[in-house]
$ cat input.txt   # compact mmCIF, C-alpha atoms
# COMPACT_ATOMS: atom_id res chain seq x y z
CA MET P 29 25.69 -34.70 -26.73
CA PHE P 30 23.00 -36.11 -24.44
CA GLU P 31 25.50 -38.07 -22.36
CA LYS P 32 27.80 -35.05 -22.12
CA THR P 33 25.16 -32.76 -20.66
CA LYS P 34 24.32 -35.46 -18.11
CA THR P 35 27.86 -35.46 -16.75
CA LEU P 36 27.53 -31.73 -16.14
CA THR P 37 24.81 -32.24 -13.56
CA LYS P 38 27.19 -33.64 -10.96
CA SER P 39 29.77 -30.90 -11.22
CA LEU P 40 28.86 -27.40 -12.33
CA PHE P 41 31.59 -24.77 -12.59
CA ALA P 42 29.74 -21.49 -12.40
CA PHE P 43 30.87 -18.31 -14.14
CA HIS P 44 29.36 -15.08 -12.98
CA VAL P 45 28.33 -12.66 -15.75
CA GLY P 46 27.31 -9.23 -14.47
CA ALA P 47 25.30 -7.58 -17.24
CA SER P 48 25.05 -4.21 -15.46
CA ALA P 49 23.23 -5.47 -12.40
CA CYS P 50 22.55 -3.34 -9.31
CA ASN P 51 24.72 -5.83 -7.35
CA ASN P 52 21.91 -7.34 -5.28
CA CYS P 53 21.68 -10.51 -7.32
CA ASP P 54 25.48 -10.77 -7.32
CA ILE P 55 25.52 -10.67 -3.54
CA GLU P 56 22.79 -13.31 -3.38
CA ILE P 57 24.85 -15.58 -5.68
CA LEU P 58 27.81 -15.22 -3.35
CA ASP P 59 25.46 -15.94 -0.43
CA CYS P 60 24.78 -19.36 -1.96
CA LEU P 61 28.45 -20.26 -1.42
CA THR P 62 28.50 -19.22 2.25
CA PRO P 63 28.42 -21.84 5.02
CA LYS P 64 24.66 -21.57 5.52
CA TYR P 65 23.72 -22.59 1.97
CA ASP P 66 26.98 -24.18 0.66
CA LEU P 67 26.41 -24.87 -3.03
CA GLU P 68 29.61 -26.95 -3.10
CA ARG P 69 27.48 -29.79 -1.71
CA PHE P 70 26.15 -30.18 -5.26
CA GLY P 71 29.55 -29.67 -6.86
CA VAL P 72 28.92 -26.04 -7.81
CA VAL P 73 32.12 -24.02 -7.69
CA LEU P 74 32.66 -20.42 -8.74
CA VAL P 75 35.46 -20.16 -11.33
CA GLY P 76 37.32 -17.13 -12.58
CA SER P 77 37.82 -18.03 -16.23
CA ILE P 78 35.07 -18.48 -18.83
CA ARG P 79 37.05 -21.38 -20.35
CA HIS P 80 36.41 -23.45 -17.22
CA ALA P 81 32.71 -22.60 -17.00
CA ASP P 82 29.76 -24.99 -17.37
CA ILE P 83 27.03 -22.61 -16.33
CA LEU P 84 26.74 -18.86 -16.85
CA LEU P 85 24.87 -17.02 -14.11
CA VAL P 86 23.71 -13.81 -15.81
CA THR P 87 22.42 -10.98 -13.66
CA GLY P 88 21.22 -7.51 -14.55
CA VAL P 89 19.38 -5.44 -17.12
CA VAL P 90 20.52 -6.35 -20.61
CA ASN P 91 21.16 -3.00 -22.30
CA LYS P 92 22.42 -2.08 -25.75
CA LYS P 93 26.04 -1.68 -24.71
CA ILE P 94 26.32 -5.08 -23.06
CA ILE P 95 24.96 -7.14 -26.02
CA PRO P 96 28.26 -7.67 -27.93
CA LYS P 97 30.07 -8.55 -24.70
CA LEU P 98 27.39 -11.03 -23.67
CA LYS P 99 27.50 -12.70 -27.09
CA LYS P 100 31.31 -12.84 -26.96
CA ILE P 101 31.30 -14.41 -23.50
CA TYR P 102 28.69 -16.95 -24.57
CA GLU P 103 30.79 -17.91 -27.61
CA GLN P 104 33.92 -18.26 -25.48
CA ALA P 105 32.38 -20.84 -23.17
CA PRO P 106 33.27 -24.47 -24.02
CA ARG P 107 30.22 -26.52 -25.02
CA PRO P 108 28.04 -27.94 -23.52
CA CYS P 109 27.17 -25.10 -21.19
CA PHE P 110 24.00 -23.77 -19.57
CA VAL P 111 22.78 -20.20 -19.17
CA VAL P 112 20.74 -19.16 -16.15
CA ALA P 113 19.01 -15.77 -15.97
CA ILE P 114 19.07 -14.64 -12.36
CA GLY P 115 16.84 -11.87 -11.10
CA GLY P 116 13.82 -10.11 -12.52
CA CYS P 117 15.94 -7.81 -14.69
CA SER P 118 17.51 -10.50 -16.84
CA CYS P 119 14.32 -12.63 -16.85
CA SER P 120 11.91 -9.93 -18.03
CA GLY P 121 13.31 -6.45 -17.51
CA ILE P 122 10.70 -5.49 -14.88
CA THR P 123 10.85 -1.81 -14.09
CA PHE P 124 13.37 -1.04 -16.82
CA ARG P 125 11.31 -2.62 -19.63
CA ASP P 126 10.27 0.79 -21.11
CA SER P 127 13.75 2.33 -20.85
CA TYR P 128 15.30 3.75 -24.04
CA ASN P 129 18.42 1.66 -23.41
CA PHE P 130 16.71 -1.65 -22.69
CA ALA P 131 17.61 -4.31 -25.24
CA GLY P 132 15.10 -6.97 -24.34
CA PRO P 133 15.28 -9.74 -21.76
CA LEU P 134 18.28 -12.09 -21.83
CA ASP P 135 16.60 -14.82 -23.93
CA LYS P 136 16.42 -12.39 -26.87
CA ILE P 137 20.24 -12.30 -26.99
CA ILE P 138 21.40 -15.82 -26.03
CA PRO P 139 19.45 -19.05 -25.35
CA VAL P 140 18.53 -19.40 -21.68
CA ASP P 141 18.09 -22.75 -19.90
CA ALA P 142 16.59 -21.60 -16.59
CA TYR P 143 14.97 -18.49 -15.17
CA ILE P 144 15.23 -17.55 -11.49
CA PRO P 145 13.02 -14.47 -10.95
CA GLY P 146 13.06 -12.30 -7.86
CA CYS P 147 14.41 -8.91 -6.94
CA PRO P 148 16.81 -10.19 -5.75
CA PRO P 149 16.05 -13.95 -5.64
CA LYS P 150 16.76 -15.52 -2.25
CA PRO P 151 19.63 -18.02 -2.04
CA GLU P 152 17.00 -20.72 -1.49
CA ALA P 153 15.36 -19.70 -4.76
CA ILE P 154 18.69 -19.89 -6.61
CA ILE P 155 19.38 -23.34 -5.18
CA ALA P 156 15.86 -24.49 -6.09
CA GLY P 157 16.29 -23.14 -9.61
CA LEU P 158 19.61 -24.93 -10.08
CA ALA P 159 18.12 -28.15 -8.67
CA LYS P 160 15.23 -27.88 -11.14
CA LEU P 161 17.69 -27.33 -14.00
CA ILE P 162 19.73 -30.37 -12.91
CA ASN P 163 16.61 -32.54 -12.63
CA SER P 164 15.28 -31.47 -16.02
CA VAL P 165 18.64 -32.28 -17.62
CA LYS P 166 18.74 -35.69 -15.90
CA SER P 167 15.30 -36.81 -17.06
CA MET Z 5 59.61 -54.35 -20.09
CA LEU Z 6 56.13 -55.49 -19.12
CA LYS Z 7 57.00 -54.86 -15.48
CA ILE Z 8 58.10 -51.29 -16.24
CA LEU Z 9 54.84 -50.64 -18.09
CA PHE Z 10 52.87 -52.19 -15.21
CA ASN Z 11 54.75 -49.97 -12.74
CA TYR Z 12 54.23 -46.89 -14.86
CA PHE Z 13 50.54 -47.31 -15.63
CA ILE Z 14 49.09 -49.39 -12.80
CA PHE Z 15 50.67 -49.84 -9.39
CA PRO Z 16 52.64 -46.85 -8.24
CA GLY Z 17 51.83 -45.21 -11.56
CA PHE Z 18 48.89 -43.72 -13.35
CA ILE Z 19 45.80 -45.59 -12.09
CA PHE Z 20 46.87 -46.00 -8.45
CA LEU Z 21 48.09 -42.43 -8.27
CA SER Z 22 44.99 -40.90 -9.85
CA ILE Z 23 42.60 -42.80 -7.56
CA LEU Z 24 44.61 -41.87 -4.47
CA GLY Z 25 45.06 -38.32 -5.74
CA MET Z 26 41.32 -37.88 -6.24
CA PHE Z 27 40.74 -39.19 -2.72
CA VAL Z 28 43.31 -36.83 -1.16
CA SER Z 29 41.95 -33.89 -3.11
CA TRP Z 30 38.48 -34.77 -1.78
CA VAL Z 31 39.93 -34.89 1.76
CA ASP Z 32 41.45 -31.47 1.11
CA ARG Z 33 38.13 -29.99 -0.05
CA LYS Z 34 36.15 -31.66 2.70
CA VAL Z 35 38.49 -30.52 5.49
CA THR Z 36 38.51 -27.01 4.03
CA ALA Z 37 34.71 -27.06 4.02
CA ARG Z 38 34.57 -28.31 7.62
CA VAL Z 39 37.05 -25.62 8.70
CA GLN Z 40 34.65 -23.07 7.20
CA TRP Z 41 31.62 -24.79 8.83
CA ARG Z 42 30.30 -26.01 5.49
CA LEU Z 43 29.19 -29.50 4.55
CA GLY Z 44 31.53 -29.94 1.62
CA PRO Z 45 31.34 -31.97 -1.58
CA PRO Z 46 30.56 -35.72 -1.82
CA ILE Z 47 33.42 -38.20 -1.90
CA LEU Z 48 33.24 -38.77 -5.66
CA GLN Z 49 33.31 -35.04 -6.48
CA PRO Z 50 36.87 -34.95 -7.94
CA PHE Z 51 35.94 -37.92 -10.13
CA TYR Z 52 32.78 -36.15 -11.35
CA ASP Z 53 34.80 -33.02 -12.11
CA LEU Z 54 37.41 -34.92 -14.12
CA ARG Z 55 34.80 -36.99 -15.99
CA LYS Z 56 32.95 -33.85 -16.98
CA LEU Z 57 36.13 -32.06 -18.05
CA LEU Z 58 37.25 -35.04 -20.14
CA LEU Z 59 33.97 -34.94 -22.11
CA LYS Z 60 33.93 -31.17 -22.62
CA GLU Z 61 35.01 -29.19 -25.65
CA THR Z 62 38.67 -28.14 -25.88
CA ILE Z 63 39.30 -24.61 -27.08
CA ILE Z 64 42.78 -23.89 -28.43
CA PRO Z 65 43.83 -20.24 -28.79
CA LYS Z 66 44.27 -19.28 -32.44
CA GLN Z 67 47.28 -17.03 -31.89
CA GLY Z 68 49.14 -19.15 -29.35
CA ASN Z 69 51.55 -22.01 -29.97
CA THR Z 70 49.27 -25.04 -30.36
CA LEU Z 71 51.95 -27.70 -29.90
CA LEU Z 72 53.30 -26.31 -26.63
CA PHE Z 73 49.79 -25.52 -25.42
CA VAL Z 74 48.65 -29.13 -25.86
CA LEU Z 75 51.92 -30.76 -24.83
CA SER Z 76 52.60 -29.00 -21.53
CA PRO Z 77 49.76 -30.48 -19.41
CA VAL Z 78 50.55 -33.96 -20.75
CA LEU Z 79 54.26 -33.57 -19.95
CA SER Z 80 53.43 -32.34 -16.46
CA LEU Z 81 51.25 -35.39 -15.84
CA LEU Z 82 53.88 -37.80 -17.19
CA SER Z 83 56.68 -36.34 -15.08
CA VAL Z 84 54.62 -36.50 -11.88
CA ILE Z 85 53.84 -40.17 -12.58
CA LEU Z 86 57.54 -40.86 -13.15
CA VAL Z 87 58.53 -39.20 -9.86
CA SER Z 88 56.02 -41.24 -7.91
CA ASN Z 89 57.27 -44.38 -9.65
CA ILE Z 90 60.86 -43.71 -8.59
CA LEU Z 91 59.92 -42.70 -5.04
CA VAL Z 92 57.51 -45.54 -4.24
CA LEU Z 93 59.65 -48.26 -5.82
CA THR Z 94 62.76 -46.97 -4.04
CA TYR Z 95 60.89 -46.97 -0.76
CA LEU Z 96 59.70 -50.55 -1.31
CA TYR Z 97 63.06 -51.87 -2.62
CA PRO Z 98 65.85 -49.56 -1.31
CA GLN Z 99 68.60 -51.77 -2.76
CA ARG Z 100 67.37 -51.20 -6.33
CA SER Z 101 68.05 -47.44 -6.51
CA PHE Z 102 70.29 -46.09 -9.28
CA MET Z 103 73.14 -43.56 -9.15
CA GLY Z 104 71.97 -39.96 -8.86
CA ASP Z 105 68.26 -40.67 -8.44
CA MET Z 106 68.02 -37.82 -5.92
CA ILE Z 107 69.08 -35.38 -8.64
CA VAL Z 108 66.66 -36.94 -11.14
CA VAL Z 109 63.83 -36.55 -8.63
CA ILE Z 110 64.73 -32.90 -7.96
CA TYR Z 111 64.62 -32.15 -11.68
CA LEU Z 112 61.41 -34.12 -12.27
CA LEU Z 113 59.70 -32.28 -9.43
CA LEU Z 114 60.57 -29.04 -11.21
CA ILE Z 115 58.98 -30.10 -14.51
CA PRO Z 116 55.31 -29.43 -13.51
CA ALA Z 117 56.22 -25.83 -12.70
CA LEU Z 118 58.23 -25.42 -15.90
CA THR Z 119 55.43 -26.86 -18.05
CA THR Z 120 53.02 -24.53 -16.26
CA ILE Z 121 55.16 -21.61 -17.41
CA ILE Z 122 55.43 -22.94 -20.97
CA GLY Z 123 51.71 -23.67 -21.24
CA ALA Z 124 50.77 -20.30 -19.83
CA SER Z 125 53.09 -18.50 -22.23
CA ALA Z 126 51.80 -20.55 -25.16
CA SER Z 127 48.18 -19.63 -24.45
CA PHE Z 128 48.59 -16.01 -25.63
CA ASN Z 129 46.70 -14.34 -22.82
CA PRO Z 130 47.95 -11.34 -20.85
CA LEU Z 131 46.65 -12.69 -17.55
CA SER Z 132 48.25 -16.10 -18.05
CA SER Z 133 51.59 -14.51 -18.92
CA LEU Z 134 51.35 -12.56 -15.67
CA GLY Z 135 50.76 -15.87 -13.91
CA ALA Z 136 53.75 -17.36 -15.72
CA SER Z 137 56.01 -14.53 -14.57
CA ARG Z 138 54.85 -15.08 -11.00
CA GLU Z 139 55.53 -18.80 -11.31
CA ILE Z 140 59.09 -18.06 -12.53
CA LYS Z 141 59.72 -15.82 -9.53
CA LEU Z 142 58.26 -18.43 -7.22
CA ILE Z 143 60.58 -21.13 -8.64
CA LEU Z 144 63.56 -18.79 -8.19
CA SER Z 145 62.60 -18.22 -4.59
CA TYR Z 146 61.84 -21.77 -3.39
CA GLU Z 147 64.46 -23.79 -5.27
CA LEU Z 148 67.44 -22.51 -3.23
CA PRO Z 149 66.09 -23.38 0.25
CA PHE Z 150 64.66 -26.64 -1.12
CA ILE Z 151 68.06 -27.85 -2.33
CA LEU Z 152 69.70 -26.61 0.88
CA ALA Z 153 67.22 -28.68 2.88
CA LEU Z 154 67.91 -31.74 0.73
CA LEU Z 155 71.64 -31.40 1.39
CA VAL Z 156 71.02 -32.42 5.00
CA PRO Z 157 70.02 -36.06 4.30
CA ILE Z 158 72.85 -36.28 1.75
CA ILE Z 159 75.46 -35.01 4.27
CA ARG Z 160 74.20 -37.19 7.08
CA SER Z 161 73.98 -40.43 5.12
CA HIS Z 162 77.16 -39.70 3.05
CA SER Z 163 75.33 -40.77 -0.10
CA ILE Z 164 73.30 -39.25 -2.91
CA LEU Z 165 71.35 -42.47 -3.51
CA LEU Z 166 67.74 -42.39 -2.32
CA GLY Z 167 68.03 -46.07 -1.45
CA ASP Z 168 71.04 -45.41 0.82
CA ILE Z 169 69.21 -42.50 2.46
CA ILE Z 170 66.23 -44.74 3.21
CA ARG Z 171 68.40 -47.62 4.49
CA PHE Z 172 70.44 -45.26 6.68
CA GLN Z 173 67.24 -43.97 8.28
CA GLN Z 174 65.82 -47.47 8.70
CA SER Z 175 68.94 -48.57 10.58
CA SER Z 176 69.62 -45.48 12.71
CA GLY Z 177 66.38 -43.52 13.01
CA SER Z 178 64.84 -40.92 10.73
CA PHE Z 179 66.61 -37.60 10.11
CA ALA Z 180 63.68 -35.57 11.41
CA SER Z 181 64.45 -36.76 14.94
CA SER Z 182 67.73 -34.79 14.98
CA LEU Z 183 68.00 -31.00 15.18
CA SER Z 184 69.39 -30.38 11.69
CA GLY Z 185 66.94 -32.84 10.17
CA MET Z 186 64.02 -31.19 11.91
CA LEU Z 187 64.95 -27.73 10.60
CA ALA Z 188 65.54 -29.10 7.12
CA PHE Z 189 62.20 -30.91 7.22
CA ALA Z 190 60.38 -27.68 8.09
CA VAL Z 191 62.15 -25.88 5.23
CA ALA Z 192 61.36 -28.66 2.76
CA LEU Z 193 57.71 -28.72 3.91
CA LEU Z 194 57.31 -25.01 3.16
CA CYS Z 195 59.07 -25.33 -0.19
CA MET Z 196 56.88 -28.30 -1.13
CA HIS Z 197 53.84 -26.24 -0.19
CA ALA Z 198 54.91 -23.62 -2.71
CA LYS Z 199 55.73 -26.33 -5.27
CA ILE Z 200 52.21 -27.76 -5.14
CA GLY Z 201 50.83 -24.24 -5.35
CA LEU Z 202 48.52 -24.34 -2.32
CA VAL Z 203 46.95 -21.24 -0.94
CA PRO Z 204 49.50 -18.94 0.61
CA PHE Z 205 51.62 -19.46 -2.52
CA ASP Z 206 48.99 -19.93 -5.22
CA LEU Z 207 50.04 -16.69 -6.87
CA ALA Z 208 50.37 -18.23 -10.31
CA GLU Z 209 46.68 -19.11 -10.60
CA ALA Z 210 45.21 -16.44 -8.38
CA GLU Z 211 41.46 -16.93 -8.78
CA THR Z 212 40.57 -13.46 -7.59
CA GLU Z 213 42.77 -11.13 -9.60
CA LEU Z 214 44.15 -13.25 -12.44
CA ALA Z 215 40.94 -15.26 -12.98
CA GLY Z 216 42.69 -18.62 -13.18
CA GLY Z 217 46.10 -17.22 -14.16
CA VAL Z 218 48.25 -19.87 -15.80
CA SER Z 219 45.30 -22.15 -16.60
CA ILE Z 220 42.98 -19.38 -17.83
CA GLU Z 221 42.83 -20.52 -21.48
CA TYR Z 222 42.67 -24.24 -20.73
CA SER Z 223 39.38 -26.06 -21.11
CA GLY Z 224 38.10 -29.62 -21.39
CA PRO Z 225 40.56 -32.56 -21.25
CA LEU Z 226 43.65 -30.33 -21.06
CA LEU Z 227 42.29 -28.66 -17.93
CA ALA Z 228 41.55 -32.15 -16.58
CA PHE Z 229 45.23 -33.06 -17.09
CA TRP Z 230 46.30 -29.97 -15.14
CA LYS Z 231 43.91 -30.80 -12.33
CA LEU Z 232 45.00 -34.43 -12.28
CA SER Z 233 48.69 -33.53 -12.09
CA LYS Z 234 47.87 -31.10 -9.25
CA MET Z 235 46.06 -33.92 -7.42
CA MET Z 236 48.97 -36.30 -7.99
CA MET Z 237 51.39 -33.71 -6.62
CA LEU Z 238 49.35 -33.85 -3.41
CA ILE Z 239 50.48 -37.51 -3.16
CA VAL Z 240 54.03 -37.12 -4.44
CA ALA Z 241 54.97 -34.25 -2.11
CA PRO Z 242 54.30 -36.09 1.20
CA VAL Z 243 55.89 -39.28 -0.17
CA PHE Z 244 59.03 -37.37 -1.12
CA LEU Z 245 59.23 -35.71 2.30
CA ILE Z 246 58.85 -39.10 3.97
CA VAL Z 247 61.56 -40.66 1.80
CA ALA Z 248 64.00 -37.82 2.45
CA PHE Z 249 63.40 -37.10 6.12
CA LEU Z 250 61.00 -39.53 7.80
CA ALA Z 251 61.80 -42.98 6.42
CA GLY Z 252 61.74 -45.98 8.70
CA GLY Z 253 58.84 -47.70 10.40
CA GLY Z 254 56.48 -50.12 8.75
CA ILE Z 255 53.57 -49.57 6.41
CA THR Z 256 51.35 -48.24 9.22
CA GLY Z 257 54.03 -45.70 10.14
CA PHE Z 258 54.18 -44.67 6.49
CA ILE Z 259 50.42 -44.12 6.33
CA ILE Z 260 50.36 -42.15 9.60
CA LYS Z 261 53.24 -39.92 8.47
CA PHE Z 262 51.55 -39.42 5.10
CA LEU Z 263 48.29 -38.37 6.76
CA LEU Z 264 50.08 -36.03 9.19
CA ILE Z 265 51.96 -34.25 6.39
CA THR Z 266 48.76 -33.96 4.33
CA VAL Z 267 46.94 -32.48 7.32
CA ALA Z 268 49.82 -30.03 7.81
CA PHE Z 269 49.47 -28.93 4.18
CA ILE Z 270 45.70 -28.50 4.52
CA LEU Z 271 45.98 -26.56 7.78
CA ILE Z 272 48.67 -24.21 6.43
CA LYS Z 273 46.45 -23.72 3.40
CA ASN Z 274 43.37 -22.87 5.44
CA THR Z 275 44.92 -20.55 7.99
CA ASN Z 276 46.94 -18.28 5.72
CA PRO Z 277 45.80 -15.63 3.22
CA ARG Z 278 47.64 -15.38 -0.08
CA VAL Z 279 50.92 -13.46 -0.04
CA ARG Z 280 52.13 -11.04 -2.69
CA ILE Z 281 54.99 -12.23 -4.92
CA ASP Z 282 57.51 -9.88 -3.27
CA GLN Z 283 56.47 -11.16 0.16
CA ALA Z 284 56.89 -14.75 -1.03
CA MET Z 285 60.37 -14.05 -2.40
CA ARG Z 286 61.40 -12.23 0.78
CA PHE Z 287 60.04 -15.11 2.87
CA PHE Z 288 61.91 -17.82 0.97
CA TRP Z 289 65.18 -15.95 0.49
CA GLY Z 290 65.12 -14.54 4.02
CA PRO Z 291 64.02 -16.71 6.96
CA VAL Z 292 63.57 -19.99 5.06
CA ALA Z 293 66.95 -19.86 3.30
CA ILE Z 294 68.70 -18.86 6.53
CA LEU Z 295 67.04 -21.79 8.27
CA GLY Z 296 68.26 -24.01 5.44
CA PHE Z 297 71.85 -22.75 5.82
CA VAL Z 298 71.71 -23.27 9.58
CA SER Z 299 70.47 -26.84 9.15
CA VAL Z 300 73.26 -27.60 6.65
CA LEU Z 301 75.86 -26.20 9.09
CA LEU Z 302 74.37 -28.23 11.94
CA ALA Z 303 74.44 -31.36 9.79
CA LEU Z 304 78.12 -30.74 8.93
CA MET Z 305 78.86 -30.37 12.64
CA GLY Z 306 77.05 -33.62 13.30
CA PHE Z 307 73.94 -32.54 15.20

$ encode --input "input.txt" --output "structure tokens"
Amino acid sequence: MFEKTKTLTKSLFAFHVGASACNNCDIEILDCLTPKYDLERFGVVLVGSIRHADILLVTGVVNKKIIPKLKKIYEQAPRPCFVVAIGGCSCSGITFRDSYNFAGPLDKIIPVDAYIPGCPPKPEAIIAGLAKLINSVKS
Amino acid sequence: MLKILFNYFIFPGFIFLSILGMFVSWVDRKVTARVQWRLGPPILQPFYDLRKLLLKETIIPKQGNTLLFVLSPVLSLLSVILVSNILVLTYLYPQRSFMGDMIVVIYLLLIPALTTIIGASASFNPLSSLGASREIKLILSYELPFILALLVPIIRSHSILLGDIIRFQQSSGSFASSLSGMLAFAVALLCMHAKIGLVPFDLAEAETELAGGVSIEYSGPLLAFWKLSKMMMLIVAPVFLIVAFLAGGGITGFIIKFLLITVAFILIKNTNPRVRIDQAMRFFWGPVAILGFVSVLLALMGF
């Protein structure tokens, strides 16, 4: 298991899970793939199918309706895989934390490996977060 | 026997082909990145991807056909290795070719697409069956002009043996230097582009609307086999075009032609948006097929 997760660090296929986000974090994730930031340098590629994914980038407020879908998507991913909570909403819930529909931050539903707070986080912050995740897995 | 195994698994076969295929796929990604003003992945990136996929979990759909689902990527890989074996060995030793090897090669080049359809249908996913239906239509559209284009070398060299075709070109110049050969080469290049499934014709695994399409349910080692056979097709396609249309010249000529055809593939890929399936069919049955007919007529008239 340990060796397997190490091989992930060189090539991460990212799957984008939008848990009812306001779209800002989604745009910032796409920004990371643009020529200026170019996440493909580190082997990060956006994939369309959850079966190919190594890392789930979850954005948005986790509400009651999205819980079963999130759990289903997490179960469908082939192991080993990482989960990254992107944006303040999925990390803590920020301004929506007292809402009647709020179902707790993401780590209440599925295990989370890295948190990238910000509203929305800058592409630099996302890259730094992924680099920290990669380094912590390596050591 | 030992020599056949050596050929199949080591020299023009599995190991040689996978190393070269990984390199060419890196060149593809790097050039694409440079065209888009990005830095691009490191040189070992395809190797890292495959190593990771080989160690990952394989998920097999409960409702699909397990046997076909597992078998189709393996069959695709094996047939691509066999094609490269025939092509490279025939190029090195033209006198050793066997009767009808051209037909065998045409059929073997079709097997990756057929296994794609079988695997996609066996994975019990609506999106992958959509991809499979697109792949069927794509095969129907590019096979006719492809075979028309391959008639030109057969007509001009009066032989269906690959070895004779190569020897004819080595003695009296490659076919692509004549008018009919040039047209046929252009047709075959476009058809090969669709056969590999590069961007204007990657309808079967459309990332954006089919989310992976034919390979949507594949994960772990099986996905690695698909990717590896795709990478190997990037080698086999230029080699086949060289054997059929551009043979002649030494080893340096071979390498230069190989690089030029690869660059042509990458540039076509990077400068064209994806077509719809009806546009692809109209393109191949319309202008490309007409061009193929014209080149066959020209070859019969001796141009």

$ closest_atom_pairs --input "input.txt" --of "chain P" --to "chain Z" --cutoff "10 Å" --atoms "all atoms listed in the file" --output "Markdown table"
| residue | atom | partner | partner_atom | distance |
| --- | --- | --- | --- | --- |
| P:Met29 | CA | Z:Leu59 | CA | 9.5 |
| P:Glu31 | CA | Z:Leu59 | CA | 9.0 |
| P:Lys32 | CA | Z:Leu59 | CA | 6.2 |
| P:Thr33 | CA | Z:Lys56 | CA | 8.7 |
| P:Lys34 | CA | Z:Lys56 | CA | 8.9 |
| P:Thr35 | CA | Z:Lys56 | CA | 5.3 |
| P:Leu36 | CA | Z:Lys56 | CA | 5.9 |
| P:Thr37 | CA | Z:Lys56 | CA | 9.0 |
| P:Lys38 | CA | Z:Tyr52 | CA | 6.1 |
| P:Ser39 | CA | Z:Asp53 | CA | 5.5 |
| P:Leu40 | CA | Z:Asp53 | CA | 8.2 |
| P:Phe41 | CA | Z:Asp53 | CA | 8.9 |
| P:Leu61 | CA | Z:Arg42 | CA | 9.2 |
| P:Thr62 | CA | Z:Arg42 | CA | 7.7 |
| P:Pro63 | CA | Z:Arg42 | CA | 4.6 |
| P:Lys64 | CA | Z:Arg42 | CA | 7.2 |
| P:Tyr65 | CA | Z:Arg42 | CA | 8.2 |
| P:Asp66 | CA | Z:Arg42 | CA | 6.1 |
| P:Leu67 | CA | Z:Gly44 | CA | 8.6 |
| P:Glu68 | CA | Z:Pro45 | CA | 5.5 |
| P:Arg69 | CA | Z:Pro45 | CA | 4.4 |
| P:Phe70 | CA | Z:Pro45 | CA | 6.6 |
| P:Gly71 | CA | Z:Pro45 | CA | 6.0 |
| P:Val72 | CA | Z:Pro45 | CA | 8.9 |
| P:Leu74 | CA | Z:Glu211 | CA | 9.5 |
| P:Val75 | CA | Z:Glu211 | CA | 7.3 |
| P:Gly76 | CA | Z:Ala215 | CA | 4.1 |
| P:Ser77 | CA | Z:Ala215 | CA | 5.3 |
| P:Ile78 | CA | Z:Ile220 | CA | 8.0 |
| P:Arg79 | CA | Z:Ser223 | CA | 5.3 |
| P:His80 | CA | Z:Ser223 | CA | 5.5 |
| P:Ala81 | CA | Z:Ser223 | CA | 8.6 |
| P:Asp82 | CA | Z:Lys60 | CA | 9.1 |
| P:Gln104 | CA | Z:Ile63 | CA | 8.5 |
| P:Ala105 | CA | Z:Ile63 | CA | 8.8 |
| P:Pro106 | CA | Z:Glu61 | CA | 5.3 |
| P:Arg107 | CA | Z:Glu61 | CA | 5.5 |
| P:Pro108 | CA | Z:Lys60 | CA | 6.8 |
| P:Cys109 | CA | Z:Lys60 | CA | 9.2 |

$ residues_around --input "input.txt" --residues "Z:Arg100" --least-positions-apart "5" --cutoff "9 Å" --atoms "all atoms listed in the file" --output "JSON, numbers by chain"
{"Z": [93, 94, 167]}

$ write_last_selection --input "input.txt" --atoms "C-alpha atoms" --output "PDB file, keeping the file's coordinate frame"
ATOM      1  CA  LEU Z  93      59.650 -48.260  -5.820  1.00  0.00           C
ATOM      2  CA  THR Z  94      62.760 -46.970  -4.040  1.00  0.00           C
ATOM      3  CA  GLY Z 167      68.030 -46.070  -1.450  1.00  0.00           C
TER       4      GLY Z 167
END

$ closest_residue --input "input.txt" --among "P:Val111, P:Cys147, P:Ile83, P:Val45" --to "P:Thr123" --atoms "all atoms listed in the file"
P:Cys147

$ residues_around --input "input.txt" --residues "Z:Val267" --least-positions-apart "6" --cutoff "10 Å" --atoms "all atoms listed in the file" --output "JSON, numbers by chain"
{"Z": [31, 32, 35, 261, 273]}

$ residues_around --input "input.txt" --residues "P:Leu85" --least-positions-apart "2" --cutoff "7 Å" --atoms "all atoms listed in the file" --output "list in words"
Ala42, Phe43, His44, Val45, Ile83, Thr87, Val111, Val112, Ala113 and Ile114 of chain P

$ atom_distance --input "input.txt" --atom1 "atom CA of Z:Cys195" --atom2 "atom CA of Z:Phe20"
25.4 Å

$ residues_around --input "input.txt" --residues "stretch 154-156 of chain P" --least-positions-apart "5" --cutoff "9 Å" --atoms "only C-alpha atoms" --output "list in words"
Glu56, Ile57, Cys60, Tyr65, Leu67, Ile114, Ile144, Pro145, Pro149 and Leu161 of chain P

$ residues_around --input "input.txt" --residues "stretch 176-185 of chain Z" --least-positions-apart "5" --cutoff "7 Å" --atoms "all atoms listed in the file" --output "list in words"
Val156, Pro157, Phe249, Leu250, Ala251, Gly252, Ser299, Val300, Leu302, Ala303 and Phe307 of chain Z

$ write_last_selection --input "input.txt" --atoms "C-alpha atoms" --output "compact mmCIF listing (two decimals), in the coordinates of the input"
# COMPACT_ATOMS: atom_id res chain seq x y z
CA VAL Z 156 71.02 -32.42 5.00
CA PRO Z 157 70.02 -36.06 4.30
CA PHE Z 249 63.40 -37.10 6.12
CA LEU Z 250 61.00 -39.53 7.80
CA ALA Z 251 61.80 -42.98 6.42
CA GLY Z 252 61.74 -45.98 8.70
CA SER Z 299 70.47 -26.84 9.15
CA VAL Z 300 73.26 -27.60 6.65
CA LEU Z 302 74.37 -28.23 11.94
CA ALA Z 303 74.44 -31.36 9.79
CA PHE Z 307 73.94 -32.54 15.20
